[in-house]
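Engineer: Contents of work29.txt (compact mmCIF, C-alpha atoms) are below:
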```txt
# COMPACT_ATOMS: atom_id res chain seq x y z
CA MET P 5 8.77 -16.86 -3.78
CA ASN P 6 6.83 -18.99 -1.38
CA ARG P 7 3.31 -17.61 -0.99
CA HIS P 8 3.18 -18.62 2.68
CA ILE P 9 5.98 -16.19 3.40
CA LEU P 10 3.98 -13.43 1.70
CA TRP P 11 0.99 -14.19 3.92
CA LEU P 12 3.15 -14.04 7.03
CA ILE P 13 4.83 -10.80 5.99
CA LEU P 14 1.52 -9.15 5.14
CA PHE P 15 -0.02 -10.27 8.41
CA ALA P 16 2.99 -8.97 10.37
CA LEU P 17 2.77 -5.64 8.55
CA PHE P 18 -0.96 -5.52 9.28
CA ILE P 19 -0.28 -5.99 12.98
CA LEU P 20 2.60 -3.46 12.94
CA GLN P 21 0.64 -0.72 11.19
CA GLY P 22 -2.10 -0.89 13.78
CA THR P 23 0.06 -1.12 16.88
CA LEU P 24 3.70 -0.13 16.79
CA VAL P 25 3.90 2.39 13.94
CA VAL P 26 1.20 4.59 15.47
CA TRP P 27 3.41 5.02 18.54
CA LEU P 28 6.47 5.81 16.45
CA LEU P 29 4.88 8.81 14.75
CA PRO P 30 5.66 12.06 16.57
CA ALA P 31 2.78 13.55 18.57
CA SER P 32 3.48 16.97 17.05
CA TRP P 33 2.62 15.57 13.61
CA GLN P 34 -0.69 14.21 14.85
CA SER P 35 -1.73 17.58 16.31
CA ILE P 36 -1.35 19.37 12.95
CA VAL P 37 -2.01 16.62 10.41
CA PHE P 38 -3.27 13.07 10.62
CA VAL P 39 -0.88 10.45 9.25
CA THR P 40 -2.18 6.95 8.59
CA PRO P 41 0.39 4.20 7.98
CA HIS P 42 -0.58 1.82 5.19
CA LEU P 43 2.26 -0.73 5.34
CA THR P 44 0.17 -3.55 3.93
CA LEU P 45 -0.93 -1.40 1.00
CA VAL P 46 2.69 -0.51 0.19
CA PHE P 47 3.66 -4.19 0.25
CA ILE P 48 0.61 -5.13 -1.85
CA MET P 49 1.59 -2.55 -4.45
CA PHE P 50 5.11 -3.98 -4.50
CA ILE P 51 3.61 -7.44 -4.99
CA GLY P 52 1.79 -6.02 -8.01
CA LEU P 53 4.95 -4.36 -9.29
CA PHE P 54 7.43 -7.20 -8.82
CA HIS P 55 5.41 -10.40 -8.54
CA HIS P 56 2.03 -10.44 -10.30
CA ARG P 57 -0.97 -8.14 -10.49
CA HIS P 58 -3.52 -10.89 -9.87
CA ALA P 59 -1.76 -11.89 -6.66
CA ALA P 60 -1.81 -8.23 -5.59
CA LEU P 61 -5.54 -8.12 -6.29
CA ILE P 62 -6.22 -11.18 -4.13
CA TYR P 63 -3.98 -10.00 -1.28
CA GLY P 64 -5.52 -6.53 -1.49
CA LEU P 65 -9.07 -7.85 -1.34
CA LEU P 66 -8.38 -10.16 1.59
CA PHE P 67 -6.25 -7.83 3.70
CA GLY P 68 -8.52 -4.91 2.89
CA LEU P 69 -11.47 -6.92 4.15
CA LEU P 70 -9.49 -7.83 7.26
CA HIS P 71 -8.76 -4.13 7.70
CA ASP P 72 -12.46 -3.32 7.28
CA PHE P 73 -13.45 -5.87 9.92
CA THR P 74 -10.76 -4.87 12.38
CA TYR P 75 -10.70 -1.08 12.21
CA TYR P 76 -13.72 0.31 10.38
CA GLY P 77 -17.04 -1.30 11.16
CA ALA P 78 -19.30 1.45 9.79
CA MET P 79 -19.14 0.14 6.23
CA LEU P 80 -17.45 -3.02 5.03
CA GLY P 81 -15.67 -3.23 1.71
CA VAL P 82 -14.14 0.23 1.35
CA TYR P 83 -10.59 -0.84 2.12
CA SER P 84 -11.07 -4.19 0.41
CA PHE P 85 -12.16 -2.60 -2.85
CA SER P 86 -9.55 0.17 -2.68
CA MET P 87 -6.58 -2.05 -1.79
CA GLY P 88 -7.49 -4.65 -4.40
CA LEU P 89 -7.94 -2.05 -7.14
CA VAL P 90 -4.75 -0.16 -6.30
CA GLY P 91 -2.68 -3.36 -6.14
CA TYR P 92 -4.04 -4.53 -9.48
CA LEU P 93 -3.51 -1.15 -11.16
CA ALA P 94 0.05 -0.96 -9.82
CA GLY P 95 0.80 -4.32 -11.43
CA LEU P 96 -0.96 -3.27 -14.62
CA ALA P 97 1.05 -0.04 -14.86
CA GLN P 98 4.31 -1.95 -14.47
CA ARG P 99 3.63 -4.52 -17.20
CA LYS P 100 5.70 -3.09 -20.04
CA GLN P 101 7.88 -0.52 -18.34
CA PRO P 102 11.47 -0.80 -17.23
CA ASN P 103 12.01 -1.73 -13.59
CA LEU P 104 13.41 1.61 -12.43
CA ILE P 105 13.22 2.86 -8.86
CA PHE P 106 11.88 6.28 -9.89
CA TYR P 107 9.13 4.81 -12.02
CA ASN P 108 8.15 2.26 -9.37
CA LEU P 109 8.01 4.90 -6.63
CA LEU P 110 5.96 7.13 -8.93
CA ILE P 111 3.50 4.27 -9.37
CA ALA P 112 3.50 3.73 -5.60
CA SER P 113 2.82 7.40 -4.88
CA LEU P 114 0.01 7.56 -7.43
CA GLY P 115 -1.42 4.35 -6.00
CA LEU P 116 -1.32 5.73 -2.46
CA LEU P 117 -2.99 8.93 -3.62
CA LEU P 118 -5.64 6.97 -5.52
CA PHE P 119 -6.26 4.87 -2.42
CA GLU P 120 -6.75 7.99 -0.30
CA PHE P 121 -9.10 9.52 -2.88
CA LEU P 122 -11.13 6.29 -3.12
CA ASP P 123 -11.39 6.07 0.66
CA TYR P 124 -12.45 9.71 0.91
CA GLY P 125 -14.83 9.53 -2.05
CA ILE P 126 -16.67 6.40 -0.94
CA ASN P 127 -17.02 7.66 2.64
CA ARG P 128 -18.18 11.06 1.38
CA LEU P 129 -20.62 9.45 -1.07
CA PHE P 130 -22.35 7.50 1.69
CA LYS P 131 -22.22 10.52 4.04
CA LEU P 132 -20.02 8.90 6.65
CA ILE P 133 -17.76 11.97 6.69
CA ALA P 134 -18.52 15.64 6.14
CA ILE P 135 -14.99 16.96 5.60
CA ASP P 136 -14.19 19.38 2.79
CA LEU P 137 -11.95 17.92 0.06
CA ASN P 138 -9.41 20.74 0.37
CA PHE P 139 -9.06 20.19 4.13
CA ALA P 140 -8.89 16.41 3.73
CA LEU P 141 -6.26 16.72 1.01
CA THR P 142 -3.94 18.94 3.05
CA HIS P 143 -4.48 17.43 6.51
CA TYR P 144 -5.15 13.75 5.83
CA MET P 145 -4.30 12.57 2.33
CA LEU P 146 -0.99 14.20 1.40
CA PRO P 147 0.71 13.64 4.80
CA SER P 148 -0.30 9.98 4.70
CA VAL P 149 0.90 9.62 1.12
CA LEU P 150 4.25 11.25 1.92
CA PHE P 151 4.80 9.12 5.04
CA ASN P 152 3.94 5.90 3.21
CA LEU P 153 6.10 6.92 0.25
CA LEU P 154 9.00 7.38 2.66
CA VAL P 155 8.35 3.88 4.01
CA ALA P 156 8.23 2.56 0.43
CA LEU P 157 11.54 4.26 -0.38
CA VAL P 158 13.25 2.82 2.70
CA CYS P 159 11.94 -0.70 2.05
CA TYR P 160 12.24 -0.66 -1.75
CA VAL P 161 15.46 -2.63 -2.21
CA PRO P 162 14.80 -5.40 0.36
CA ILE P 163 11.26 -5.92 -0.87
CA ARG P 164 12.37 -5.98 -4.50
CA LYS P 165 15.04 -8.59 -3.74
CA LEU P 166 12.55 -10.62 -1.75
CA LEU P 167 9.85 -10.59 -4.42
CA GLU P 168 11.99 -10.97 -7.50
CA GLY P 169 14.16 -13.69 -6.00
CA LYS P 170 17.24 -14.88 -7.77
CA ARG P 171 16.41 -14.66 -11.45
CA LEU P 172 19.91 -15.08 -12.69
CA ALA P 173 21.63 -18.15 -11.32
CA PRO P 174 25.40 -18.25 -11.66
CA SER P 175 26.40 -20.42 -14.60
CA GLY P 176 29.82 -21.47 -13.35
CA ASN P 177 31.48 -20.58 -16.67
CA GLU P 178 33.43 -17.38 -16.46
CA ASP P 179 34.87 -16.68 -19.89
```
Show the structure stored in the file as C-alpha cells.

Structural biologist:
Amino acid sequence: MNRHILWLILFALFILQGTLVVWLLPASWQSIVFVTPHLTLVFIMFIGLFHHRHAALIYGLLFGLLHDFTYYGAMLGVYSFSMGLVGYLAGLAQRKQPNLIFYNLLIASLGLLLFEFLDYGINRLFKLIAIDLNFALTHYMLPSVLFNLLVALVCYVPIRKLLEGKRLAPSGNED
C-alpha cells in the first residue's frame, strides 16, 4: 500500500467530515442529540487493524493535531493524543486475533467510545466544559459512536481490501 495514497485518503476524509457529512445528517437528529462524524478516526483505526499500529499512531497524531488546529483552538493536543492512542490501541488489540468482521467492529466501537471518553475527560479536567457525564453519554457520546460505527460497517470491506492489498498472488498452477 502506497503511503501517499493513505495521506490523500485521510486528508479527503478530513475535509469531508468537516464539510459535507455535517450537511448529510438530518436536522431532527441534531435537535435531540449531537452527532459528530469522525471519518478520519475510523480510517486511522482501520490502518491500525489492517496495516500497522505504529503507522496508525503517526497518522493519528498528525491528523489529530490538524483537527486541533482547524476546529478546536481552546486547547491543542486533545484530538492528537486521543486519535494517536486509539489508533495504536486498535492495532495492538488486533495483533494476535483472527481477522473477523465482528471482532474488528467491536474494536472499532470500543475505540470510538474510548476516544469520546478521552475527549470528554480531558476537556472536563481542564474545565473547558461543564456537562454532566450522564448527559454527555446519552446526548453526545453514544450517538456519535453509533453513527461512526455505521460508517465503519459500510466502509469495512473496501477499506480492508485497500489496506491489506493482494496478499495471495495467483500461482498459475491449478492442480

Engineer: Could the centre and edge lengths of an axis-aligned box, enclosing all atoms of stretch 106-117 of chain P in the file with 4 Å extra on each side, be given in Å to one decimal as JSON?

Structural biologist:
```
{"center_x": 4.4, "center_y": 5.6, "center_z": -7.2, "size_x": 22.9, "size_y": 14.7, "size_z": 17.6}
```

Engineer: One decimal, Å: what's the distance from atom CA of P:Leu114 over to atom CA of P:Leu153, could you say?

Structural biologist: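 Computed distance, atom CA of P:Leu114 to atom CA of P:Leu153, equals 9.8 Å.
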
Engineer: Here's a test: counting only C-alpha atoms, identify every protein, DNA and RNA residue with an atom at most 8 Å from (7.8, -2.1, -3.3) in the file's coordinate frame, and state them as a list of chain:residue names.

Structural biologist: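 With a cut-off of 8 Å, the residues come to P:Val46, P:Phe47, P:Ile48, P:Met49, P:Phe50, P:Ile51, P:Leu53, P:Phe54, P:Asn108, P:Leu109, P:Ala112, P:Ala156, P:Leu157, P:Cys159, P:Tyr160, P:Val161, P:Ile163, P:Arg164.
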
Engineer: Excluding P:Ala60 and residues on its chain fewer than 6 positions from it, collect all residues at most 12 Å away from it, counting only C-alpha atoms, and give them as a PyMOL selection string.

Structural biologist: chain P and resi 7+10-11+14+44-54+66-68+84+86-96+167

Engineer: Tell me, counting all atoms listed in the file, for each residue of stretch 71-122 of chain P within 9 Å of stretch 135-152 of chain P, which pair of atoms is nearest and how far apart they are in Å to one decimal, in rows ordered by chain and increasing number, as a tab-separated table.

Structural biologist:
```
residue	atom	partner	partner_atom	distance
P:Ser113	CA	P:Val149	CA	6.7
P:Leu114	CA	P:Val149	CA	8.8
P:Leu116	CA	P:Val149	CA	5.7
P:Leu117	CA	P:Val149	CA	6.2
P:Glu120	CA	P:Met145	CA	5.8
P:Phe121	CA	P:Met145	CA	7.7
```

Engineer: Which residues come within 12 Å of P:Leu69, counting all atoms listed in the file, excluding same-chain residues fewer than 2 positions away, as number ranges by chain?

Structural biologist: P: 18, 62-67, 71-77, 79-88

Engineer: Quick one: everything within 9 Å of stretch 23-32 of chain P, counting only C-alpha atoms, minus sequence neighbours fewer than 6 positions away in the same chain. Send it as a PyMOL selection string.

Structural biologist: chain P and resi 39-41

Engineer: For a quick check of understanding, using all atoms listed in the file, which of P:Val155, P:Leu43, P:Phe106, P:Pro162 has the smallest distance to P:Leu20?

Structural biologist: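 Ranked by minimum distance to P:Leu20, first place goes to P:Leu43.
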
Engineer: Expressed in Å to a single decimal, how great is the separation between atom CA of P:Ile133 and atom CA of P:Phe119?

Structural biologist: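 It comes out at 16.3 Å.
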
Engineer: Quick check, in Å to one decimal: how far apart do atom CA of P:Gly169 and atom CA of P:Ile9 lie?

Structural biologist: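 Atom CA of P:Ile9 lies at a distance of 12.7 Å from atom CA of P:Gly169.
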
Engineer: Please supply stretch 12-33 of chain P, rebuilt with N, CA, C and O atoms, as a PDB file, in the frame of the given file.

Structural biologist:
```
ATOM      1  N   LEU P  12       2.594 -14.375   5.718  1.00  0.00           N
ATOM      2  CA  LEU P  12       3.150 -14.040   7.030  1.00  0.00           C
ATOM      3  C   LEU P  12       3.662 -12.601   7.083  1.00  0.00           C
ATOM      4  O   LEU P  12       3.443 -11.890   8.073  1.00  0.00           O
ATOM      5  N   ILE P  13       4.326 -12.164   6.026  1.00  0.00           N
ATOM      6  CA  ILE P  13       4.830 -10.800   5.990  1.00  0.00           C
ATOM      7  C   ILE P  13       3.678  -9.799   5.983  1.00  0.00           C
ATOM      8  O   ILE P  13       3.700  -8.806   6.725  1.00  0.00           O
ATOM      9  N   LEU P  14       2.672 -10.056   5.177  1.00  0.00           N
ATOM     10  CA  LEU P  14       1.520  -9.150   5.140  1.00  0.00           C
ATOM     11  C   LEU P  14       0.781  -9.116   6.471  1.00  0.00           C
ATOM     12  O   LEU P  14       0.348  -8.047   6.916  1.00  0.00           O
ATOM     13  N   PHE P  15       0.650 -10.252   7.112  1.00  0.00           N
ATOM     14  CA  PHE P  15      -0.020 -10.270   8.410  1.00  0.00           C
ATOM     15  C   PHE P  15       0.806  -9.530   9.464  1.00  0.00           C
ATOM     16  O   PHE P  15       0.252  -8.799  10.287  1.00  0.00           O
ATOM     17  N   ALA P  16       2.124  -9.702   9.428  1.00  0.00           N
ATOM     18  CA  ALA P  16       2.990  -8.970  10.370  1.00  0.00           C
ATOM     19  C   ALA P  16       2.914  -7.468  10.115  1.00  0.00           C
ATOM     20  O   ALA P  16       2.861  -6.672  11.066  1.00  0.00           O
ATOM     21  N   LEU P  17       2.904  -7.062   8.864  1.00  0.00           N
ATOM     22  CA  LEU P  17       2.770  -5.640   8.550  1.00  0.00           C
ATOM     23  C   LEU P  17       1.406  -5.102   8.972  1.00  0.00           C
ATOM     24  O   LEU P  17       1.294  -3.960   9.434  1.00  0.00           O
ATOM     25  N   PHE P  18       0.373  -5.916   8.841  1.00  0.00           N
ATOM     26  CA  PHE P  18      -0.960  -5.520   9.280  1.00  0.00           C
ATOM     27  C   PHE P  18      -0.984  -5.272  10.786  1.00  0.00           C
ATOM     28  O   PHE P  18      -1.569  -4.293  11.262  1.00  0.00           O
ATOM     29  N   ILE P  19      -0.351  -6.152  11.523  1.00  0.00           N
ATOM     30  CA  ILE P  19      -0.280  -5.990  12.980  1.00  0.00           C
ATOM     31  C   ILE P  19       0.571  -4.772  13.333  1.00  0.00           C
ATOM     32  O   ILE P  19       0.217  -3.973  14.204  1.00  0.00           O
ATOM     33  N   LEU P  20       1.707  -4.594  12.659  1.00  0.00           N
ATOM     34  CA  LEU P  20       2.600  -3.460  12.940  1.00  0.00           C
ATOM     35  C   LEU P  20       1.954  -2.118  12.649  1.00  0.00           C
ATOM     36  O   LEU P  20       2.118  -1.170  13.411  1.00  0.00           O
ATOM     37  N   GLN P  21       1.217  -2.018  11.557  1.00  0.00           N
ATOM     38  CA  GLN P  21       0.640  -0.720  11.190  1.00  0.00           C
ATOM     39  C   GLN P  21      -0.450  -0.300  12.165  1.00  0.00           C
ATOM     40  O   GLN P  21      -0.728   0.881  12.299  1.00  0.00           O
ATOM     41  N   GLY P  22      -1.060  -1.232  12.833  1.00  0.00           N
ATOM     42  CA  GLY P  22      -2.100  -0.890  13.780  1.00  0.00           C
ATOM     43  C   GLY P  22      -1.623  -0.723  15.202  1.00  0.00           C
ATOM     44  O   GLY P  22      -2.343  -0.193  16.040  1.00  0.00           O
ATOM     45  N   THR P  23      -0.413  -1.169  15.496  1.00  0.00           N
ATOM     46  CA  THR P  23       0.060  -1.120  16.880  1.00  0.00           C
ATOM     47  C   THR P  23       1.307  -0.267  17.037  1.00  0.00           C
ATOM     48  O   THR P  23       1.276   0.809  17.611  1.00  0.00           O
ATOM     49  N   LEU P  24       2.410  -0.734  16.510  1.00  0.00           N
ATOM     50  CA  LEU P  24       3.700  -0.130  16.790  1.00  0.00           C
ATOM     51  C   LEU P  24       3.952   1.159  16.028  1.00  0.00           C
ATOM     52  O   LEU P  24       4.469   2.127  16.585  1.00  0.00           O
ATOM     53  N   VAL P  25       3.581   1.220  14.769  1.00  0.00           N
ATOM     54  CA  VAL P  25       3.900   2.390  13.940  1.00  0.00           C
ATOM     55  C   VAL P  25       3.157   3.627  14.430  1.00  0.00           C
ATOM     56  O   VAL P  25       3.669   4.737  14.356  1.00  0.00           O
ATOM     57  N   VAL P  26       1.964   3.450  14.966  1.00  0.00           N
ATOM     58  CA  VAL P  26       1.200   4.590  15.470  1.00  0.00           C
ATOM     59  C   VAL P  26       1.938   5.246  16.631  1.00  0.00           C
ATOM     60  O   VAL P  26       1.914   6.471  16.779  1.00  0.00           O
ATOM     61  N   TRP P  27       2.643   4.470  17.424  1.00  0.00           N
ATOM     62  CA  TRP P  27       3.410   5.020  18.540  1.00  0.00           C
ATOM     63  C   TRP P  27       4.696   5.678  18.073  1.00  0.00           C
ATOM     64  O   TRP P  27       5.226   6.554  18.752  1.00  0.00           O
ATOM     65  N   LEU P  28       5.222   5.252  16.941  1.00  0.00           N
ATOM     66  CA  LEU P  28       6.470   5.810  16.450  1.00  0.00           C
ATOM     67  C   LEU P  28       6.314   7.182  15.799  1.00  0.00           C
ATOM     68  O   LEU P  28       7.278   7.921  15.682  1.00  0.00           O
ATOM     69  N   LEU P  29       5.113   7.499  15.364  1.00  0.00           N
ATOM     70  CA  LEU P  29       4.880   8.810  14.750  1.00  0.00           C
ATOM     71  C   LEU P  29       4.915   9.889  15.819  1.00  0.00           C
ATOM     72  O   LEU P  29       4.314   9.732  16.882  1.00  0.00           O
ATOM     73  N   PRO P  30       5.591  10.992  15.567  1.00  0.00           N
ATOM     74  CA  PRO P  30       5.660  12.060  16.570  1.00  0.00           C
ATOM     75  C   PRO P  30       4.283  12.648  16.880  1.00  0.00           C
ATOM     76  O   PRO P  30       3.448  12.808  15.989  1.00  0.00           O
ATOM     77  N   ALA P  31       4.075  12.980  18.149  1.00  0.00           N
ATOM     78  CA  ALA P  31       2.780  13.550  18.570  1.00  0.00           C
ATOM     79  C   ALA P  31       2.558  14.928  17.955  1.00  0.00           C
ATOM     80  O   ALA P  31       1.422  15.328  17.724  1.00  0.00           O
ATOM     81  N   SER P  32       3.638  15.647  17.659  1.00  0.00           N
ATOM     82  CA  SER P  32       3.480  16.970  17.050  1.00  0.00           C
ATOM     83  C   SER P  32       2.911  16.863  15.637  1.00  0.00           C
ATOM     84  O   SER P  32       2.204  17.755  15.186  1.00  0.00           O
ATOM     85  N   TRP P  33       3.210  15.772  14.923  1.00  0.00           N
ATOM     86  CA  TRP P  33       2.620  15.570  13.610  1.00  0.00           C
ATOM     87  C   TRP P  33       1.113  15.355  13.735  1.00  0.00           C
ATOM     88  O   TRP P  33       0.336  15.890  12.960  1.00  0.00           O
TER      89      TRP P  33
END
```
